[in-house]
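Student: coords05.cif is the file, holding mmCIF, C-alpha atoms and all ligand atoms:
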```
data_target
loop_
_atom_site.group_PDB
_atom_site.id
_atom_site.type_symbol
_atom_site.label_atom_id
_atom_site.label_comp_id
_atom_site.auth_asym_id
_atom_site.auth_seq_id
_atom_site.Cartn_x
_atom_site.Cartn_y
_atom_site.Cartn_z
ATOM 1 C CA MET A 1 0.000 0.000 0.000
ATOM 2 C CA SER A 2 1.414 3.424 -0.895
ATOM 3 C CA VAL A 3 1.854 6.132 1.766
ATOM 4 C CA VAL A 4 0.238 9.514 1.086
ATOM 5 C CA VAL A 5 2.884 12.025 0.018
ATOM 6 C CA ARG A 6 1.885 15.581 0.956
ATOM 7 C CA ASP A 7 3.237 18.886 -0.393
ATOM 8 C CA ALA A 8 5.229 19.303 2.827
ATOM 9 C CA GLU A 9 7.133 16.087 2.147
ATOM 10 C CA ILE A 10 7.758 17.005 -1.474
ATOM 11 C CA ASN A 11 9.146 20.383 -0.392
ATOM 12 C CA LYS A 12 11.292 18.800 2.287
ATOM 13 C CA ALA A 13 12.721 16.348 -0.259
ATOM 14 C CA LYS A 14 13.538 19.259 -2.604
ATOM 15 C CA GLU A 15 15.317 21.160 0.178
ATOM 16 C CA LEU A 16 17.291 18.110 1.209
ATOM 17 C CA ILE A 17 18.452 17.082 -2.259
ATOM 18 C CA TYR A 18 19.586 20.660 -2.833
ATOM 19 C CA GLU A 19 21.486 20.629 0.458
ATOM 20 C CA LEU A 20 23.113 17.240 -0.176
ATOM 21 C CA ALA A 21 23.832 17.311 -3.912
ATOM 22 C CA GLY A 22 23.063 20.837 -5.165
ATOM 23 C CA ILE A 23 20.336 19.411 -7.391
ATOM 24 C CA HIS A 24 17.569 21.938 -8.008
ATOM 25 C CA LEU A 25 14.180 20.310 -8.613
ATOM 26 C CA SER A 26 11.580 22.686 -10.047
ATOM 27 C CA ASN A 27 7.842 22.564 -9.300
ATOM 28 C CA ASP A 28 7.016 20.776 -12.545
ATOM 29 C CA LYS A 29 8.861 17.742 -11.120
ATOM 30 C CA ASP A 30 6.463 17.379 -8.151
ATOM 31 C CA LEU A 31 4.625 14.340 -9.508
ATOM 32 C CA ALA A 32 7.892 12.533 -10.263
ATOM 33 C CA ILE A 33 9.223 13.438 -6.798
ATOM 34 C CA LYS A 34 6.054 12.043 -5.224
ATOM 35 C CA ASN A 35 6.405 8.723 -7.065
ATOM 36 C CA ARG A 36 10.073 8.416 -6.303
ATOM 37 C CA LEU A 37 9.570 9.219 -2.598
ATOM 38 C CA ASN A 38 6.906 6.569 -2.367
ATOM 39 C CA LYS A 39 9.111 3.946 -3.986
ATOM 40 C CA LEU A 40 12.049 4.953 -1.784
ATOM 41 C CA ILE A 41 10.320 4.590 1.576
ATOM 42 C CA LYS A 42 8.870 1.272 0.496
ATOM 43 C CA SER A 43 12.321 -0.008 -0.426
ATOM 44 C CA CYS A 44 13.680 1.252 2.924
ATOM 45 C CA ASN A 45 10.843 -0.607 4.656
ATOM 46 C CA ILE A 46 9.590 2.493 6.472
ATOM 47 C CA GLN A 47 5.910 3.184 7.191
ATOM 48 C CA ASN A 48 5.766 6.979 7.288
ATOM 49 C CA PHE A 49 7.679 10.088 6.286
ATOM 50 C CA ASP A 50 8.281 11.417 9.806
ATOM 51 C CA ASP A 51 10.304 8.291 10.534
ATOM 52 C CA PHE A 52 12.017 8.485 7.185
ATOM 53 C CA PHE A 53 13.132 12.109 7.495
ATOM 54 C CA SER A 54 14.298 11.666 11.093
ATOM 55 C CA GLN A 55 16.404 8.649 10.090
ATOM 56 C CA LEU A 56 17.757 10.656 7.150
ATOM 57 C CA LYS A 57 18.930 13.310 9.626
ATOM 58 C CA THR A 58 21.131 10.698 11.319
ATOM 59 C CA GLY A 59 22.707 9.852 7.959
ATOM 60 C CA LYS A 60 20.781 6.610 7.416
ATOM 61 C CA PHE A 61 19.368 6.215 3.885
ATOM 62 C CA LYS A 62 21.253 9.351 2.794
ATOM 63 C CA GLN A 63 22.889 7.657 -0.177
ATOM 64 C CA GLU A 64 19.645 5.928 -1.206
ATOM 65 C CA PHE A 65 17.931 9.333 -1.021
ATOM 66 C CA ILE A 66 20.578 10.958 -3.257
ATOM 67 C CA ASN A 67 20.480 8.070 -5.750
ATOM 68 C CA THR A 68 16.689 8.459 -5.965
ATOM 69 C CA PHE A 69 16.830 12.042 -7.209
ATOM 70 C CA THR A 70 19.689 12.009 -9.706
ATOM 71 C CA ASN A 71 18.897 11.987 -13.416
ATOM 72 C CA ASN A 72 21.253 9.483 -15.021
ATOM 73 C CA LYS A 73 20.364 9.803 -18.717
ATOM 74 C CA THR A 74 23.419 9.000 -20.817
ATOM 75 C CA ASP A 75 24.427 7.157 -23.994
ATOM 76 C CA PHE A 76 27.457 5.726 -25.747
ATOM 77 C CA PHE A 77 29.140 8.417 -27.884
ATOM 78 C CA ARG A 78 26.529 11.023 -26.926
ATOM 79 C CA GLU A 79 27.346 14.280 -28.790
ATOM 80 C CA ASP A 80 29.951 12.281 -30.663
ATOM 81 C CA PHE A 81 31.714 15.334 -32.158
ATOM 82 C CA HIS A 82 33.526 15.670 -28.805
ATOM 83 C CA PHE A 83 35.114 12.235 -29.212
ATOM 84 C CA VAL A 84 35.980 13.022 -32.848
ATOM 85 C CA ASP A 85 37.595 16.293 -31.690
ATOM 86 C CA MET A 86 39.613 14.419 -29.079
ATOM 87 C CA LEU A 87 40.803 11.869 -31.666
ATOM 88 C CA ASP A 88 41.604 14.360 -34.444
ATOM 89 C CA ARG A 89 42.849 17.445 -32.591
ATOM 90 C CA ILE A 90 44.233 16.377 -29.189
ATOM 91 C CA LEU A 91 45.520 12.824 -29.458
ATOM 92 C CA PRO A 92 47.809 13.094 -32.543
ATOM 93 C CA HIS A 93 50.260 15.364 -30.721
ATOM 94 C CA ARG A 94 49.480 14.529 -27.077
ATOM 95 C CA LEU A 95 50.059 10.811 -27.622
ATOM 96 C CA LYS A 96 53.558 11.568 -28.904
ATOM 97 C CA GLU A 97 54.550 12.877 -25.475
ATOM 98 C CA SER A 98 55.792 10.543 -22.753
ATOM 99 C CA GLU A 99 54.032 12.473 -19.954
ATOM 100 C CA PRO A 100 50.923 10.571 -18.803
ATOM 101 C CA LEU A 101 47.641 11.774 -20.313
ATOM 102 C CA LYS A 102 44.979 12.286 -17.652
ATOM 103 C CA ILE A 103 41.264 12.616 -18.344
ATOM 104 C CA TRP A 104 38.457 13.323 -15.874
ATOM 105 C CA CYS A 105 34.857 12.450 -16.612
ATOM 106 C CA SER A 106 33.098 14.395 -13.849
ATOM 107 C CA ALA A 107 29.558 12.945 -14.052
ATOM 108 C CA SER A 108 30.060 9.487 -15.466
ATOM 109 C CA SER A 109 26.610 8.047 -14.689
ATOM 110 C CA THR A 110 26.263 4.376 -15.745
ATOM 111 C CA GLY A 111 29.586 4.384 -17.616
ATOM 112 C CA GLU A 112 28.722 4.839 -21.282
ATOM 113 C CA GLU A 113 30.531 8.206 -21.396
ATOM 114 C CA PRO A 114 33.860 7.117 -19.809
ATOM 115 C CA TYR A 115 33.839 3.915 -21.908
ATOM 116 C CA SER A 116 33.305 6.042 -25.046
ATOM 117 C CA ILE A 117 36.279 8.176 -23.989
ATOM 118 C CA ALA A 118 38.359 5.047 -23.332
ATOM 119 C CA ALA A 119 37.433 3.486 -26.700
ATOM 120 C CA THR A 120 38.463 6.711 -28.469
ATOM 121 C CA LEU A 121 41.708 6.771 -26.516
ATOM 122 C CA SER A 122 42.446 3.126 -27.227
ATOM 123 C CA TYR A 123 41.769 3.638 -30.945
ATOM 124 C CA GLY A 124 44.015 6.730 -30.935
ATOM 125 C CA ARG A 125 46.841 4.816 -29.247
ATOM 126 C CA ASP A 126 46.589 2.175 -31.982
ATOM 127 C CA ILE A 127 46.495 4.509 -34.966
ATOM 128 C CA TYR A 128 49.151 6.863 -33.608
ATOM 129 C CA ARG A 129 51.217 3.877 -32.357
ATOM 130 C CA SER A 130 51.552 5.375 -28.904
ATOM 131 C CA ASN A 131 52.693 3.985 -25.558
ATOM 132 C CA THR A 132 51.878 7.158 -23.637
ATOM 133 C CA PRO A 133 50.388 6.115 -20.283
ATOM 134 C CA CYS A 134 46.716 7.166 -20.183
ATOM 135 C CA SER A 135 44.154 7.185 -17.412
ATOM 136 C CA ILE A 136 40.539 8.193 -17.014
ATOM 137 C CA LEU A 137 39.010 9.100 -13.681
ATOM 138 C CA ALA A 138 35.242 8.665 -13.807
ATOM 139 C CA THR A 139 33.251 10.161 -10.920
ATOM 140 C CA ASP A 140 29.624 10.547 -9.945
ATOM 141 C CA ILE A 141 27.706 11.226 -6.743
ATOM 142 C CA ASP A 142 25.339 8.308 -7.340
ATOM 143 C CA THR A 143 26.709 5.006 -6.018
ATOM 144 C CA SER A 144 24.217 2.792 -7.867
ATOM 145 C CA VAL A 145 25.264 4.112 -11.293
ATOM 146 C CA LEU A 146 28.917 3.656 -10.361
ATOM 147 C CA GLU A 147 28.216 -0.013 -9.611
ATOM 148 C CA THR A 148 26.496 -0.444 -13.004
ATOM 149 C CA ALA A 149 29.414 1.308 -14.685
ATOM 150 C CA LYS A 150 31.987 -1.003 -13.120
ATOM 151 C CA ILE A 151 30.168 -4.051 -14.521
ATOM 152 C CA GLY A 152 30.310 -2.613 -18.057
ATOM 153 C CA GLU A 153 27.470 -4.558 -19.679
ATOM 154 C CA TYR A 154 24.718 -2.863 -21.663
ATOM 155 C CA VAL A 155 21.791 -3.538 -23.958
ATOM 156 C CA VAL A 156 21.745 -0.788 -26.564
ATOM 157 C CA ASP A 157 18.916 0.037 -28.943
ATOM 158 C CA THR A 158 20.896 0.993 -32.046
ATOM 159 C CA CYS A 159 17.912 2.790 -33.608
ATOM 160 C CA ILE A 160 17.967 5.231 -30.679
ATOM 161 C CA THR A 161 21.729 5.184 -30.135
ATOM 162 C CA PRO A 162 23.467 4.437 -33.442
ATOM 163 C CA LEU A 163 27.027 3.280 -32.816
ATOM 164 C CA PRO A 164 29.795 5.260 -34.541
ATOM 165 C CA GLU A 165 31.553 3.968 -37.640
ATOM 166 C CA TRP A 166 34.666 6.130 -37.314
ATOM 167 C CA LEU A 167 36.437 3.832 -34.839
ATOM 168 C CA ASP A 168 37.120 0.141 -34.403
ATOM 169 C CA LEU A 169 34.458 -0.778 -31.827
ATOM 170 C CA GLU A 170 35.327 -4.491 -31.829
ATOM 171 C CA ASN A 171 38.685 -3.614 -30.353
ATOM 172 C CA SER A 172 37.044 -2.241 -27.211
ATOM 173 C CA PHE A 173 33.735 -4.057 -26.888
ATOM 174 C CA ASP A 174 32.277 -7.526 -27.410
ATOM 175 C CA ILE A 175 29.101 -6.783 -29.356
ATOM 176 C CA THR A 176 26.400 -9.441 -29.780
ATOM 177 C CA PRO A 177 23.158 -8.819 -31.714
ATOM 178 C CA LYS A 178 20.084 -9.482 -29.531
ATOM 179 C CA SER A 179 17.292 -8.523 -31.903
ATOM 180 C CA GLU A 180 16.788 -6.408 -35.013
ATOM 181 C CA ARG A 181 17.419 -3.222 -33.015
ATOM 182 C CA ASN A 182 19.217 -4.293 -29.855
ATOM 183 C CA VAL A 183 22.798 -5.310 -29.248
ATOM 184 C CA PHE A 184 24.454 -6.552 -26.074
ATOM 185 C CA ILE A 185 27.684 -4.677 -25.394
ATOM 186 C CA LYS A 186 30.306 -6.013 -23.014
ATOM 187 C CA VAL A 187 33.280 -3.795 -22.275
ATOM 188 C CA LYS A 188 36.597 -5.588 -22.761
ATOM 189 C CA PRO A 189 38.903 -5.805 -19.711
ATOM 190 C CA SER A 190 41.638 -3.951 -21.660
ATOM 191 C CA LEU A 191 39.302 -0.952 -21.889
ATOM 192 C CA LYS A 192 38.275 -1.132 -18.227
ATOM 193 C CA ASN A 193 41.965 -0.911 -17.306
ATOM 194 C CA PHE A 194 42.055 2.741 -18.376
ATOM 195 C CA ILE A 195 39.322 3.760 -15.945
ATOM 196 C CA THR A 196 39.038 4.278 -12.190
ATOM 197 C CA PHE A 197 35.481 4.811 -10.952
ATOM 198 C CA LYS A 198 35.059 6.840 -7.746
ATOM 199 C CA GLN A 199 32.298 8.618 -5.914
ATOM 200 C CA LEU A 200 32.626 12.403 -5.857
ATOM 201 C CA ASN A 201 30.121 15.110 -4.978
ATOM 202 C CA LEU A 202 30.823 18.148 -7.165
ATOM 203 C CA GLN A 203 29.342 20.335 -4.413
ATOM 204 C CA LEU A 204 32.344 19.702 -2.134
ATOM 205 C CA SER A 205 34.440 22.811 -1.559
ATOM 206 C CA THR A 206 37.521 21.205 -3.132
ATOM 207 C CA TYR A 207 38.219 17.955 -4.941
ATOM 208 C CA PRO A 208 41.020 15.502 -4.083
ATOM 209 C CA PHE A 209 43.173 16.240 -7.159
ATOM 210 C CA GLY A 210 46.164 18.409 -7.904
ATOM 211 C CA VAL A 211 45.673 21.874 -9.400
ATOM 212 C CA ASN A 212 45.960 21.731 -13.226
ATOM 213 C CA GLU A 213 46.023 17.921 -13.016
ATOM 214 C CA PHE A 214 43.954 16.998 -16.088
ATOM 215 C CA ASP A 215 44.588 17.320 -19.819
ATOM 216 C CA ILE A 216 40.913 16.827 -20.684
ATOM 217 C CA ILE A 217 37.738 17.219 -18.628
ATOM 218 C CA PHE A 218 34.322 16.005 -19.712
ATOM 219 C CA CYS A 219 31.651 17.849 -17.720
ATOM 220 C CA ARG A 220 28.570 17.221 -19.792
ATOM 221 C CA ASN A 221 24.858 17.354 -19.028
ATOM 222 C CA GLN A 222 25.401 17.628 -15.289
ATOM 223 C CA ILE A 223 25.611 21.278 -14.198
ATOM 224 C CA ILE A 224 22.213 21.930 -15.821
ATOM 225 C CA TYR A 225 20.699 20.302 -12.727
ATOM 226 C CA PHE A 226 22.184 23.070 -10.553
ATOM 227 C CA LYS A 227 20.951 26.655 -9.986
ATOM 228 C CA ILE A 228 22.726 29.193 -12.227
ATOM 229 C CA GLU A 229 24.777 30.630 -9.340
ATOM 230 C CA ASP A 230 25.869 27.111 -8.333
ATOM 231 C CA GLN A 231 26.701 26.185 -11.936
ATOM 232 C CA GLU A 232 29.201 29.034 -12.000
ATOM 233 C CA LYS A 233 30.804 28.053 -8.676
ATOM 234 C CA VAL A 234 31.139 24.390 -9.639
ATOM 235 C CA LEU A 235 32.447 25.137 -13.115
ATOM 236 C CA LYS A 236 35.145 27.463 -11.730
ATOM 237 C CA LYS A 237 36.233 24.695 -9.346
ATOM 238 C CA ILE A 238 36.264 22.012 -12.050
ATOM 239 C CA PHE A 239 38.196 24.368 -14.342
ATOM 240 C CA SER A 240 40.967 24.860 -11.752
ATOM 241 C CA TYR A 241 41.908 21.184 -12.179
ATOM 242 C CA LEU A 242 42.422 21.576 -15.956
ATOM 243 C CA LYS A 243 45.911 22.250 -17.365
ATOM 244 C CA ILE A 244 46.556 25.389 -19.391
ATOM 245 C CA GLY A 245 46.128 24.202 -22.981
ATOM 246 C CA GLY A 246 43.775 21.444 -21.773
ATOM 247 C CA THR A 247 40.268 20.922 -23.132
ATOM 248 C CA LEU A 248 36.912 21.175 -21.371
ATOM 249 C CA TYR A 249 33.885 19.587 -23.008
ATOM 250 C CA LEU A 250 30.469 20.827 -21.861
ATOM 251 C CA GLY A 251 27.010 19.460 -22.703
ATOM 252 C CA HIS A 252 24.950 20.958 -25.532
ATOM 253 C CA SER A 253 22.839 23.224 -23.309
ATOM 254 C CA GLU A 254 25.591 24.273 -20.896
ATOM 255 C CA SER A 255 27.666 27.495 -20.935
ATOM 256 C CA PRO A 256 31.153 28.273 -19.629
ATOM 257 C CA LEU A 257 29.721 30.445 -16.837
ATOM 258 C CA GLY A 258 32.363 32.433 -14.968
ATOM 259 C CA ILE A 259 35.266 31.160 -17.081
ATOM 260 C CA GLN A 260 34.424 32.801 -20.440
ATOM 261 C CA ASN A 261 37.530 35.007 -20.328
ATOM 262 C CA LYS A 262 39.864 32.128 -19.600
ATOM 263 C CA VAL A 263 38.980 29.894 -22.518
ATOM 264 C CA GLU A 264 39.120 29.825 -26.271
ATOM 265 C CA LYS A 265 35.966 28.385 -27.781
ATOM 266 C CA LEU A 266 36.598 25.944 -30.609
ATOM 267 C CA GLY A 267 32.942 25.249 -31.369
ATOM 268 C CA GLN A 268 30.197 22.875 -30.231
ATOM 269 C CA ASN A 269 30.950 23.447 -26.549
ATOM 270 C CA ILE A 270 34.661 22.652 -26.822
ATOM 271 C CA PHE A 271 36.794 25.006 -24.695
ATOM 272 C CA VAL A 272 40.586 25.222 -24.469
ATOM 273 C CA LYS A 273 41.992 26.754 -21.282
ATOM 274 C CA VAL A 274 44.196 29.739 -22.041
ATOM 275 C CA MET A 275 44.773 31.051 -18.491
ATOM 276 C CA ASP A 276 44.160 30.199 -14.806
HETATM 277 C C1 LIG A 301 22.294 13.280 -16.997
HETATM 278 S S1 LIG A 301 23.665 12.443 -16.311
HETATM 279 C C2 LIG A 301 24.922 12.886 -17.465
HETATM 280 C C3 LIG A 301 25.841 11.745 -17.755
HETATM 281 C C4 LIG A 301 26.939 12.020 -18.795
HETATM 282 N N1 LIG A 301 27.832 13.058 -18.354
HETATM 283 C C5 LIG A 301 26.380 12.350 -20.145
HETATM 284 O O1 LIG A 301 26.498 13.478 -20.607
HETATM 285 O O2 LIG A 301 25.816 11.456 -20.792
HETATM 286 C C6 LIG A 301 24.035 13.497 -14.895
HETATM 287 C C7 LIG A 301 24.866 12.796 -13.829
HETATM 288 O O3 LIG A 301 25.284 13.790 -12.864
HETATM 289 C C8 LIG A 301 25.329 13.164 -11.597
HETATM 290 N N2 LIG A 301 25.283 14.195 -10.530
HETATM 291 C C9 LIG A 301 24.231 14.935 -10.107
HETATM 292 N N3 LIG A 301 24.572 15.730 -9.081
HETATM 293 C C10 LIG A 301 25.880 15.502 -8.848
HETATM 294 C C11 LIG A 301 26.810 16.034 -7.913
HETATM 295 N N4 LIG A 301 26.468 16.940 -6.989
HETATM 296 N N5 LIG A 301 28.089 15.580 -7.962
HETATM 297 C C12 LIG A 301 28.462 14.637 -8.880
HETATM 298 N N6 LIG A 301 27.621 14.098 -9.780
HETATM 299 C C13 LIG A 301 26.343 14.525 -9.771
HETATM 300 C C14 LIG A 301 24.119 12.251 -11.596
HETATM 301 O O4 LIG A 301 24.228 11.226 -10.647
HETATM 302 C C15 LIG A 301 24.103 11.753 -13.036
HETATM 303 O O5 LIG A 301 24.683 10.484 -13.162
#
```
Can you turn what I pasted into structure tokens?
Tutor:
Amino acid sequence: MSVVVRDAEINKAKELIYELAGIHLSNDKDLAIKNRLNKLIKSCNIQNFDDFFSQLKTGKFKQEFINTFTNNKTDFFREDFHFVDMLDRILPHRLKESEPLKIWCSASSTGEEPYSIAATLSYGRDIYRSNTPCSILATDIDTSVLETAKIGEYVVDTCITPLPEWLDLENSFDITPKSERNVFIKVKPSLKNFITFKQLNLQLSTYPFGVNEFDIIFCRNQIIYFKIEDQEKVLKKIFSYLKIGGTLYLGHSESPLGIQNKVEKLGQNIFVKVMD
């Protein structure tokens, strides 16, 4: 039997998810919030919201609560021009250097994005015959998507997500047809070796990396869930971990808020850092 979710509980959930993850849920999401809250307390085996919110205050169910309100939409090679840019513009010269190449995927969701980055990297290392050490750090606040990502197995509807033809996919993935539209994709261990998955809340005041640590940062389709003023704060922080000359990729509806004067725009939300 479902518990009645009142406006007060919906508002409390909105306040809490903002406090914990910076996620801003607008009023048009109320119905979805109601359904998700209902499902959540059932799965936590709790009978009413007073109990639920008081347990949440002690830290219990905090992660489950966060996982409930993240939006994890992602795809393999989403906005694929970013991967093409990486292959054609960055890798030919960067993979000639011996210094390790470091990439950060800052909202990796269920893993399709970091595995697309890794497949591009692996293909680049083959065609440019490179032994440059490469690593990808893939982070997200949501622990359930990180678990899915680590497994690296997906059913993909190729009518909705056509797979690219500009790289050798078979090198990185075992791909088995399941039906006319669907394929089963299993990430090869050699590809997984490039990636470390870790939990990270982008709302923390600092992140556990060195200043200017990364050559490339993917920060796509994540900051849109934050308020404008928070988008700017988070983006400035993320940007401080990018090397001068490094590349920041943003999602199609995101802007380089607060860092416009420190980047050169190369098109389609590709930004090269020109100063700290
Ligand atoms: C819509 S997905 C985008 C995935 C991928 N970057 C892409 O473009 O396909 C947004 C991701 O941001 C994560 N996220 C939301 N708030 C976060 C926060 N405060 N810190 C880190 N990740 C967060 C969510 O868990 C979710 O997996």
Student: Quick one: contact table of chain A to ligand LIG 301 (chain A), 7 Å max, nearest atom pair and distance in Å to one decimal per residue, counting all atoms listed in the file, chain and number order, as JSON lines?
Tutor:
```
{"residue": "A:Ala21", "atom": "CA", "partner": "A:LIG301", "partner_atom": "N4", "distance": 4.1}
{"residue": "A:Gly22", "atom": "CA", "partner": "A:LIG301", "partner_atom": "N4", "distance": 5.5}
{"residue": "A:Ile23", "atom": "CA", "partner": "A:LIG301", "partner_atom": "N3", "distance": 5.9}
{"residue": "A:Asn67", "atom": "CA", "partner": "A:LIG301", "partner_atom": "O4", "distance": 6.9}
{"residue": "A:Thr70", "atom": "CA", "partner": "A:LIG301", "partner_atom": "O4", "distance": 4.7}
{"residue": "A:Asn71", "atom": "CA", "partner": "A:LIG301", "partner_atom": "C1", "distance": 5.1}
{"residue": "A:Asn72", "atom": "CA", "partner": "A:LIG301", "partner_atom": "O5", "distance": 4.0}
{"residue": "A:Lys73", "atom": "CA", "partner": "A:LIG301", "partner_atom": "C1", "distance": 4.3}
{"residue": "A:Thr74", "atom": "CA", "partner": "A:LIG301", "partner_atom": "O2", "distance": 3.4}
{"residue": "A:Asp75", "atom": "CA", "partner": "A:LIG301", "partner_atom": "O2", "distance": 5.5}
{"residue": "A:Arg78", "atom": "CA", "partner": "A:LIG301", "partner_atom": "O2", "distance": 6.2}
{"residue": "A:Ser106", "atom": "CA", "partner": "A:LIG301", "partner_atom": "C12", "distance": 6.8}
{"residue": "A:Ala107", "atom": "CA", "partner": "A:LIG301", "partner_atom": "O3", "distance": 4.5}
{"residue": "A:Ser108", "atom": "CA", "partner": "A:LIG301", "partner_atom": "N1", "distance": 5.1}
{"residue": "A:Ser109", "atom": "CA", "partner": "A:LIG301", "partner_atom": "O5", "distance": 3.5}
{"residue": "A:Thr110", "atom": "CA", "partner": "A:LIG301", "partner_atom": "O5", "distance": 6.8}
{"residue": "A:Glu113", "atom": "CA", "partner": "A:LIG301", "partner_atom": "O2", "distance": 5.8}
{"residue": "A:Thr139", "atom": "CA", "partner": "A:LIG301", "partner_atom": "C12", "distance": 6.9}
{"residue": "A:Asp140", "atom": "CA", "partner": "A:LIG301", "partner_atom": "N6", "distance": 4.1}
{"residue": "A:Ile141", "atom": "CA", "partner": "A:LIG301", "partner_atom": "C12", "distance": 4.1}
{"residue": "A:Asp142", "atom": "CA", "partner": "A:LIG301", "partner_atom": "O4", "distance": 4.5}
{"residue": "A:Val145", "atom": "CA", "partner": "A:LIG301", "partner_atom": "O5", "distance": 6.7}
{"residue": "A:Leu200", "atom": "CA", "partner": "A:LIG301", "partner_atom": "C12", "distance": 5.6}
{"residue": "A:Asn201", "atom": "CA", "partner": "A:LIG301", "partner_atom": "N5", "distance": 3.6}
{"residue": "A:Leu202", "atom": "CA", "partner": "A:LIG301", "partner_atom": "N5", "distance": 3.8}
{"residue": "A:Gln203", "atom": "CA", "partner": "A:LIG301", "partner_atom": "N4", "distance": 5.1}
{"residue": "A:Cys219", "atom": "CA", "partner": "A:LIG301", "partner_atom": "N1", "distance": 6.2}
{"residue": "A:Arg220", "atom": "CA", "partner": "A:LIG301", "partner_atom": "O1", "distance": 4.4}
{"residue": "A:Asn221", "atom": "CA", "partner": "A:LIG301", "partner_atom": "O1", "distance": 4.5}
{"residue": "A:Gln222", "atom": "CA", "partner": "A:LIG301", "partner_atom": "C6", "distance": 4.4}
{"residue": "A:Tyr225", "atom": "CA", "partner": "A:LIG301", "partner_atom": "C9", "distance": 6.9}
{"residue": "A:Gly251", "atom": "CA", "partner": "A:LIG301", "partner_atom": "O1", "distance": 6.4}
```
Student: A:Leu31: which residues within 10 Å, counting all atoms listed in the file, same-chain residues fewer than 4 positions away excluded, as number ranges by chain?
Tutor: A: 5, 10, 27, 35-37
Student: Pull C-alpha atoms from the residues just selected and write them as a PDB file, keeping the file's coordinate frame.
Tutor:
```pdb
ATOM      1  CA  VAL A   5       2.884  12.025   0.018  1.00  0.00           C
ATOM      2  CA  ILE A  10       7.758  17.005  -1.474  1.00  0.00           C
ATOM      3  CA  ASN A  27       7.842  22.564  -9.300  1.00  0.00           C
ATOM      4  CA  ASN A  35       6.405   8.723  -7.065  1.00  0.00           C
ATOM      5  CA  ARG A  36      10.073   8.416  -6.303  1.00  0.00           C
ATOM      6  CA  LEU A  37       9.570   9.219  -2.598  1.00  0.00           C
TER       7      LEU A  37
END
```
Student: Taking all atoms listed in the file into account, which of A:Asn171, A:Glu180, A:Thr196, A:Arg125 comes nearest A:Leu146?
Tutor: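 Closest residue, counting all atoms listed in the file: A:Thr196.
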Student: Choose the residue, out of A:Val234, A:Ile160, A:Leu40, A:Ala119, that has the smallest atom-to-atom separation from A:Pro189; count only C-alpha atoms.
Tutor: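 Smallest distance to A:Pro189 is found for A:Ala119.
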Student: Residues within 12 Å of A:Glu165, please, as JSON, numbers by chain. Count all atoms listed in the file; anything in the same chain fewer than 6 positions from it doesn't count.
Tutor: {"A": [77, 80, 84, 120]}
Student: Please produce an output containing C-alpha atoms for each residue in the selection, written as a PDB file, keeping the file's coordinate frame.
Tutor:
```pdb
ATOM      1  CA  PHE A  77      29.140   8.417 -27.884  1.00  0.00           C
ATOM      2  CA  ASP A  80      29.951  12.281 -30.663  1.00  0.00           C
ATOM      3  CA  VAL A  84      35.980  13.022 -32.848  1.00  0.00           C
ATOM      4  CA  THR A 120      38.463   6.711 -28.469  1.00  0.00           C
TER       5      THR A 120
END
```
Student: Can you translate the PyMOL selection byres (((chain A and resi 179) around 12) and not hetatm) into the concrete residues it hits in this file, as number ranges by chain?
Tutor: A: 155-159, 176-178, 180-184
Student: Care to translate the PyMOL selection byres (((chain A and resi 242) around 7) and not hetatm) into actual residues of this file, as a ChimeraX atom specification?
Tutor: /A:212-217,239-241,243-244,246
Student: For A:Leu25, which residue out of A:Ile185, A:Ile238, A:Leu266, A:Ile224 is the nearest one, using all atoms listed in the file?
Tutor: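 Checking each candidate against A:Leu25, we get A:Ile224 as the closest.
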Student: Name every residue that the PyMOL selection byres (((chain A and resi 2) around 10) and not hetatm) selects in this structure, writing the answer as a list in words with chains first and numbers rising.
Tutor: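 Output from the PyMOL selection byres (((chain A and resi 2) around 10) and not hetatm), applied to this file: Met1, Val3, Val4, Val5, Asn35, Asn38, Lys39, Ile41, Lys42, Gln47 and Asn48 of chain A.
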Student: Using only C-alpha atoms, please write the residues we just selected to a file, as a compact mmCIF listing (two decimals), in the frame of the given file.
Tutor:
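Generated output (out.txt):
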```txt
# COMPACT_ATOMS: atom_id res chain seq x y z
CA MET A 1 0.00 0.00 0.00
CA VAL A 3 1.85 6.13 1.77
CA VAL A 4 0.24 9.51 1.09
CA VAL A 5 2.88 12.02 0.02
CA ASN A 35 6.40 8.72 -7.06
CA ASN A 38 6.91 6.57 -2.37
CA LYS A 39 9.11 3.95 -3.99
CA ILE A 41 10.32 4.59 1.58
CA LYS A 42 8.87 1.27 0.50
CA GLN A 47 5.91 3.18 7.19
CA ASN A 48 5.77 6.98 7.29
```
Student: Can you tell me, as JSON, numbers by chain, what residues are no more than 10 Å from A:Lys96 when counting all atoms listed in the file, ignoring any on the same chain fewer than 5 positions away?
Tutor: {"A": [91, 125, 128, 129, 130, 131, 132]}
Student: Write to file, as an mmCIF file, in the coordinates of the input, the residues of the selection just made, with C-alpha atoms.
Tutor:
```
data_model
loop_
_atom_site.group_PDB
_atom_site.id
_atom_site.type_symbol
_atom_site.label_atom_id
_atom_site.label_comp_id
_atom_site.auth_asym_id
_atom_site.auth_seq_id
_atom_site.Cartn_x
_atom_site.Cartn_y
_atom_site.Cartn_z
ATOM 1 C CA LEU A 91 45.520 12.824 -29.458
ATOM 2 C CA ARG A 125 46.841 4.816 -29.247
ATOM 3 C CA TYR A 128 49.151 6.863 -33.608
ATOM 4 C CA ARG A 129 51.217 3.877 -32.357
ATOM 5 C CA SER A 130 51.552 5.375 -28.904
ATOM 6 C CA ASN A 131 52.693 3.985 -25.558
ATOM 7 C CA THR A 132 51.878 7.158 -23.637
#
```
Student: Return the single residue from A:Ser172, A:Ser54, A:Gln199, A:Thr161 that is closest to A:Glu147, with distances computed using all atoms listed in the file.
Tutor: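 Selected residue with least distance to A:Glu147: A:Gln199.
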